[in-house]
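Below is one structure, written out as structure tokens; comments come after it.
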Amino acid sequence: MNSAAKTNHVPVPNTTVKPNSGDSKSIYSIQNFSLWYGNDQALQDVQFDIPANNVTAIIGPSGCGKSTFIKALNRMVELVASVKMSGSISYNRKDIFSPKYKVEELRTNVGMVFQHPNPFPKSIYENVAYGPKIHGIKKKKVLDEIVEKSLKGAALWDEVKDRLQENAFGLSGGQQQRLCIARCLAIEPDVILMDEPTSALDPISTAKIEELVQKLKEDYSIVIVTHNMQQAARISDKTAFFLNGEVIEYSNTDELFSNPKDKRTEDYITGRFG
Amino acid sequence: MVAREQFETDLSNIKEEIMVLSETTENALCEAVDALYNQDTELANQVIDRDKKIDEQEHSINDKTILLIAKQQPVATDLRRLIIALRITTDLERMGDNAKNIAKSTIHLGENHHLTIHHEIKQMRDMAVEMAHTAMHAFQYEDISIAGKLSEMDDQVDKLYERIIHELLTETATNSEKIQFVMQMAFSARYIERFADHITNIGESILFLVKGESYKLN
């Protein structure tokens with residue numbers, strides 16, 4: 001393991017924000033990004049651009065840093081006290097770790113869906129209306145519209161429209177996960193981060209979420225961490241393969257799964273390790 | 001335990017069966033040409049009978065390969081290994097058909113045609129057999145430099161084929177009553193030429209496996 005960085009966040013000179021870095025369609029630009037938990041380095045010189053209105057899959061064996069990476073994209077990783085970083089992550093050409101950047105603004109634009117569905121212990125309606133309410137929307141008519149639009153966007157409306165006031169815990173696991181996606185859509189983000197969103201779901205629910213992801217990419221940029229290689233191959237446009245905190249290969253998904261350039265990628269995707 | 005040991009074992013078994021099938025088709029060609037030269041219709045009938053065995057071997061390999069794709073859902077080189085297993089098996093089965101067709105020509109010619117079989121058909125057969133050995137060597141070791149040699153070998157077979165056909169056409173001009181027998185000889189040369197073409201297809205499959213792109217060898 002490499003030694004820890006000296007400060008909490010050390011921007012790399014001249015690479016903090018590159019106005020011309022990446023192409024104009026990139027939503028995130030990651031430059032020489034490294035991260036440590038105490039003295040343990042979890043990410044090392046990560047560098048690639050995440051395109052807008054695409055599905056980008058992050059794959060790699062357990063402990064390779066993929067969840068750390070996705071949590072860096074919405075600064076959730078900062079909740080760990082011992083974390084230190086260097087390099088930069090730019091969202092829409094602004095360095096998200098800049099002292100001027102407000103984390104609330106970032107989280108409004110970047111929603112997240114987790115491995116296990118985590119609805120609030122409230123009604124289906126309240127789960128979706130919660131975000132807009134804390135953003136100051138009070139009119140019932142407006143909230144009703146947001147709830148309907150979000151549930152339709154998450155392909156759940158038809159299944160729950162007659163029982164919006166029932167407790168969300170009464171939904172199946174797959175429905176709960178789609179409710180969490182609806183909750184995420186209600187705040188109208190640009191990006192949806194998904195950390196293994198189907199690993200706790202049955203095959204039918206998984207297929208529904210996968211179809212949903214394909215539809216959502218028309219309006220949102222999606223970054224998905226998955227252990228399911230076939231899922232990454234099915235639903236993503238770009239794939240980044242992480243190993244021991246490094247990005248070993250980042251390319252078009254079709255290319256990475258048919259003709260990977262690095263032998264370590266080939267060994268991983270063909271199941272020879274991990 | 002090595003990761004994906006079962007996959008490796010199943011893949012290795014499929015590869016082994018393909019090499020056995022290649023040997024069977026090669027033997028079929030050798031015997032078919034021997035039968036042609038020796039006017040041995042009994043041996044020719046045996047070649048035709050044994051083609052059913054080749055078809056069975058082809059089905060067996062295809063079934064095992066499809067099952068392995070379904071069970072293991074391979075990607076990248078592993079997927080290409082199984083795709084080319086299907087392709088190569090199809091080529092080998094067609095090569096068996098070519099050997100069978102030579103045997104049928106021998107039966108058409110009968111035992112009393114009083115015709116000298118063109119001496120270079122045997123040479124063509126030997127060249128095709130050498131190509132089959134080269135292809136299987138390249139397949140076994142996934143070696144594209146060996147596979148690349150098949151292009152030149154096939155060119156030599158094609159040149160020999162053209163020469164044989166030219167000479168046989170000259171013969172039909174001077175010996176018109178034998179035309180139907182000479183045609184059977186020309187067909188036999190054509191079947192060997194096709195046999196060699198299928199071997200270059202195998203070479204192309206090996207190039208596809210290693211490079212991940214399609215290449216032409218003939």
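As shown in the structure tokens, the chain order sets the letters A, B, ...; within each chain, residues go from 1, and ligands are also counted from 1 in the order they appear.
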
For A:Ile70, please output as a list in words all residues within 10 Å (counting only C-alpha atoms; exclusion window: fewer than 5 positions along the same chain). Ile58, Gly65, Arg75, Met76, Val77, Met112, Leu193, Met194, Asp195, Val223, Ile224 and Val225 of chain A

Each residue of chain A with at least one atom at most 9 Å from chain B should appear once, together with its nearest atom pair and the corresponding distance in Å (one decimal); atoms considered: only C-alpha atoms; ordering: chain, then increasing residue number; output as a Markdown table.
```
| residue | atom | partner | partner_atom | distance |
| --- | --- | --- | --- | --- |
| A:Gln230 | CA | B:Gln73 | CA | 8.2 |
| A:Glu255 | CA | B:Ala76 | CA | 9.0 |
| A:Leu256 | CA | B:Ala76 | CA | 8.0 |
| A:Phe257 | CA | B:Ala76 | CA | 5.5 |
| A:Ser258 | CA | B:Ala76 | CA | 4.1 |
| A:Asn259 | CA | B:Ala76 | CA | 5.5 |
| A:Pro260 | CA | B:Ala76 | CA | 7.1 |
| A:Glu266 | CA | B:Ala76 | CA | 6.9 |
| A:Ile269 | CA | B:Val75 | CA | 7.0 |
| A:Thr270 | CA | B:Val75 | CA | 6.0 |
| A:Gly271 | CA | B:Arg4 | CA | 6.6 |
| A:Arg272 | CA | B:Ala3 | CA | 5.0 |
| A:Phe273 | CA | B:Ala3 | CA | 6.3 |
| A:Gly274 | CA | B:Ala3 | CA | 8.9 |
```

List as a short mmCIF file (atom, residue, chain, number, x, y, z; two decimals) with N, CA, C and O atoms, in the first residue's frame the protein and nucleic acid residues near A:Ala72, meaning an atom at most 10 Å away when only C-alpha atoms are counted, but skip any in the same chain fewer than 4 places from it.
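Listing of result30.cif after writing:
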```cif
data_model
loop_
_atom_site.label_atom_id
_atom_site.label_comp_id
_atom_site.auth_asym_id
_atom_site.auth_seq_id
_atom_site.Cartn_x
_atom_site.Cartn_y
_atom_site.Cartn_z
N PHE A 33 -7.24 10.72 -9.92
CA PHE A 33 -7.90 10.68 -8.61
C PHE A 33 -7.42 9.48 -7.80
O PHE A 33 -7.51 8.33 -8.23
N LEU A 35 -7.37 7.87 -3.62
CA LEU A 35 -8.09 7.98 -2.35
C LEU A 35 -7.52 6.98 -1.35
O LEU A 35 -7.17 5.85 -1.72
N LYS A 66 -14.48 -0.22 -6.45
CA LYS A 66 -15.57 0.29 -7.31
C LYS A 66 -16.65 1.01 -6.51
O LYS A 66 -17.13 2.06 -6.94
N SER A 67 -16.98 0.49 -5.31
CA SER A 67 -17.99 1.18 -4.49
C SER A 67 -17.42 2.49 -3.95
O SER A 67 -18.12 3.51 -3.89
N THR A 68 -16.13 2.47 -3.58
CA THR A 68 -15.48 3.70 -3.12
C THR A 68 -15.56 4.75 -4.22
O THR A 68 -15.87 5.91 -3.99
N MET A 76 -20.17 10.99 -1.03
CA MET A 76 -20.58 10.21 0.14
C MET A 76 -19.38 9.64 0.86
O MET A 76 -19.41 9.38 2.05
N VAL A 77 -18.31 9.46 0.11
CA VAL A 77 -17.10 8.87 0.66
C VAL A 77 -16.52 9.75 1.77
O VAL A 77 -15.81 9.28 2.65
N GLU A 78 -16.85 11.04 1.74
CA GLU A 78 -16.33 11.95 2.77
C GLU A 78 -16.89 11.65 4.16
O GLU A 78 -16.37 12.14 5.15
N MET A 85 -7.82 12.35 -0.10
CA MET A 85 -7.90 12.25 -1.56
C MET A 85 -6.89 13.16 -2.23
O MET A 85 -6.45 14.14 -1.65
N ILE A 89 -12.23 15.33 -9.30
CA ILE A 89 -13.41 14.82 -10.01
C ILE A 89 -14.24 16.05 -10.38
O ILE A 89 -14.66 16.81 -9.49
N ILE A 96 -15.80 18.94 -7.81
CA ILE A 96 -16.79 18.71 -6.72
C ILE A 96 -16.15 18.78 -5.34
O ILE A 96 -16.85 18.92 -4.34
N PHE A 97 -14.82 18.66 -5.27
CA PHE A 97 -14.15 18.75 -3.96
C PHE A 97 -13.63 20.16 -3.67
O PHE A 97 -12.97 20.37 -2.68
#
```

Within 12 Å of B:Thr65 using only C-alpha atoms, minus same-chain residues under 5 positions, as a list of chain:residue names: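 Close residues of B:Thr65: B:Phe7, B:Asp10, B:Leu11, B:Ser12, B:Asn13, B:Ile14, B:Lys15, B:Glu17, B:Ile18, B:Glu58, B:His59, B:Ser60, B:Ala70, B:Lys71, B:Gln72, B:Gln73, B:Pro74, B:Asp78, B:Leu79, B:Arg80, B:Arg81, B:Leu82, B:Ile83, B:Ile84, B:Ala85, B:Leu86, B:Arg87, B:Ile88, B:Thr89.
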
Selection export as an mmCIF file, in the first residue's frame, atoms kept: C-alpha atoms:
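part_11.cif was written with the following content:
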```
data_model
loop_
_atom_site.group_PDB
_atom_site.id
_atom_site.type_symbol
_atom_site.label_atom_id
_atom_site.label_comp_id
_atom_site.auth_asym_id
_atom_site.auth_seq_id
_atom_site.Cartn_x
_atom_site.Cartn_y
_atom_site.Cartn_z
ATOM 1 C CA PHE B 7 -15.301 -25.007 -18.071
ATOM 2 C CA ASP B 10 -15.407 -29.310 -20.965
ATOM 3 C CA LEU B 11 -13.630 -27.029 -23.436
ATOM 4 C CA SER B 12 -10.665 -29.371 -23.561
ATOM 5 C CA ASN B 13 -12.980 -32.332 -24.260
ATOM 6 C CA ILE B 14 -14.633 -30.463 -27.140
ATOM 7 C CA LYS B 15 -11.214 -29.614 -28.571
ATOM 8 C CA GLU B 17 -13.330 -34.388 -30.143
ATOM 9 C CA ILE B 18 -12.684 -31.876 -32.933
ATOM 10 C CA GLU B 58 -20.554 -33.283 -35.760
ATOM 11 C CA HIS B 59 -23.908 -33.334 -33.927
ATOM 12 C CA SER B 60 -22.281 -34.507 -30.723
ATOM 13 C CA ALA B 70 -25.732 -22.024 -22.222
ATOM 14 C CA LYS B 71 -24.265 -23.202 -18.923
ATOM 15 C CA GLN B 72 -21.175 -21.009 -18.674
ATOM 16 C CA GLN B 73 -22.158 -17.924 -20.684
ATOM 17 C CA PRO B 74 -18.590 -17.319 -21.809
ATOM 18 C CA ASP B 78 -13.705 -18.133 -24.309
ATOM 19 C CA LEU B 79 -16.814 -17.295 -26.347
ATOM 20 C CA ARG B 80 -14.790 -17.205 -29.556
ATOM 21 C CA ARG B 81 -13.276 -20.612 -28.672
ATOM 22 C CA LEU B 82 -16.770 -22.091 -28.649
ATOM 23 C CA ILE B 83 -17.961 -20.173 -31.708
ATOM 24 C CA ILE B 84 -15.003 -21.458 -33.734
ATOM 25 C CA ALA B 85 -15.600 -24.973 -32.376
ATOM 26 C CA LEU B 86 -19.010 -24.816 -34.092
ATOM 27 C CA ARG B 87 -17.552 -23.347 -37.281
ATOM 28 C CA ILE B 88 -14.633 -25.789 -37.507
ATOM 29 C CA THR B 89 -16.940 -28.744 -36.872
#
```

Could you find all residues in stretch 55-120 of chain A that DSSP calls strand (DSSP E or B) from the backbone, and write them as a CSV table (one decimal) with C-alpha atoms, in the first residue's frame?
```csv
chain,number,residue,atom,x,y,z
A,55,VAL,CA,-24.9,3.8,-18.9
A,56,THR,CA,-21.4,3.4,-17.5
A,57,ALA,CA,-20.7,0.1,-15.7
A,58,ILE,CA,-18.0,-0.3,-13.0
A,59,ILE,CA,-16.9,-3.8,-12.7
A,83,VAL,CA,-10.5,9.5,4.1
A,84,LYS,CA,-7.9,11.4,2.1
A,85,MET,CA,-7.9,12.3,-1.6
A,86,SER,CA,-5.8,13.7,-4.3
A,87,GLY,CA,-6.5,14.6,-7.9
A,88,SER,CA,-9.9,15.8,-9.0
A,89,ILE,CA,-13.4,14.8,-10.0
A,90,SER,CA,-15.2,17.4,-12.1
A,91,TYR,CA,-19.0,17.3,-12.5
A,94,LYS,CA,-16.7,22.0,-11.8
A,95,ASP,CA,-14.4,20.4,-9.2
A,110,VAL,CA,-26.7,13.2,-8.4
A,111,GLY,CA,-29.1,10.6,-7.0
A,112,MET,CA,-28.2,7.2,-5.7
A,113,VAL,CA,-29.8,3.8,-5.5
```

For B:Gln180, please output as a list in words all residues within 12 Å (counting only C-alpha atoms; exclusion window: fewer than 6 positions along the same chain).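 Using only C-alpha atoms, the neighbours found are Ser105, His108, Leu109, Gly110, His113, Leu115, Leu168, Leu169, Glu171, Thr172, Ala186 and Phe187 of chain B.
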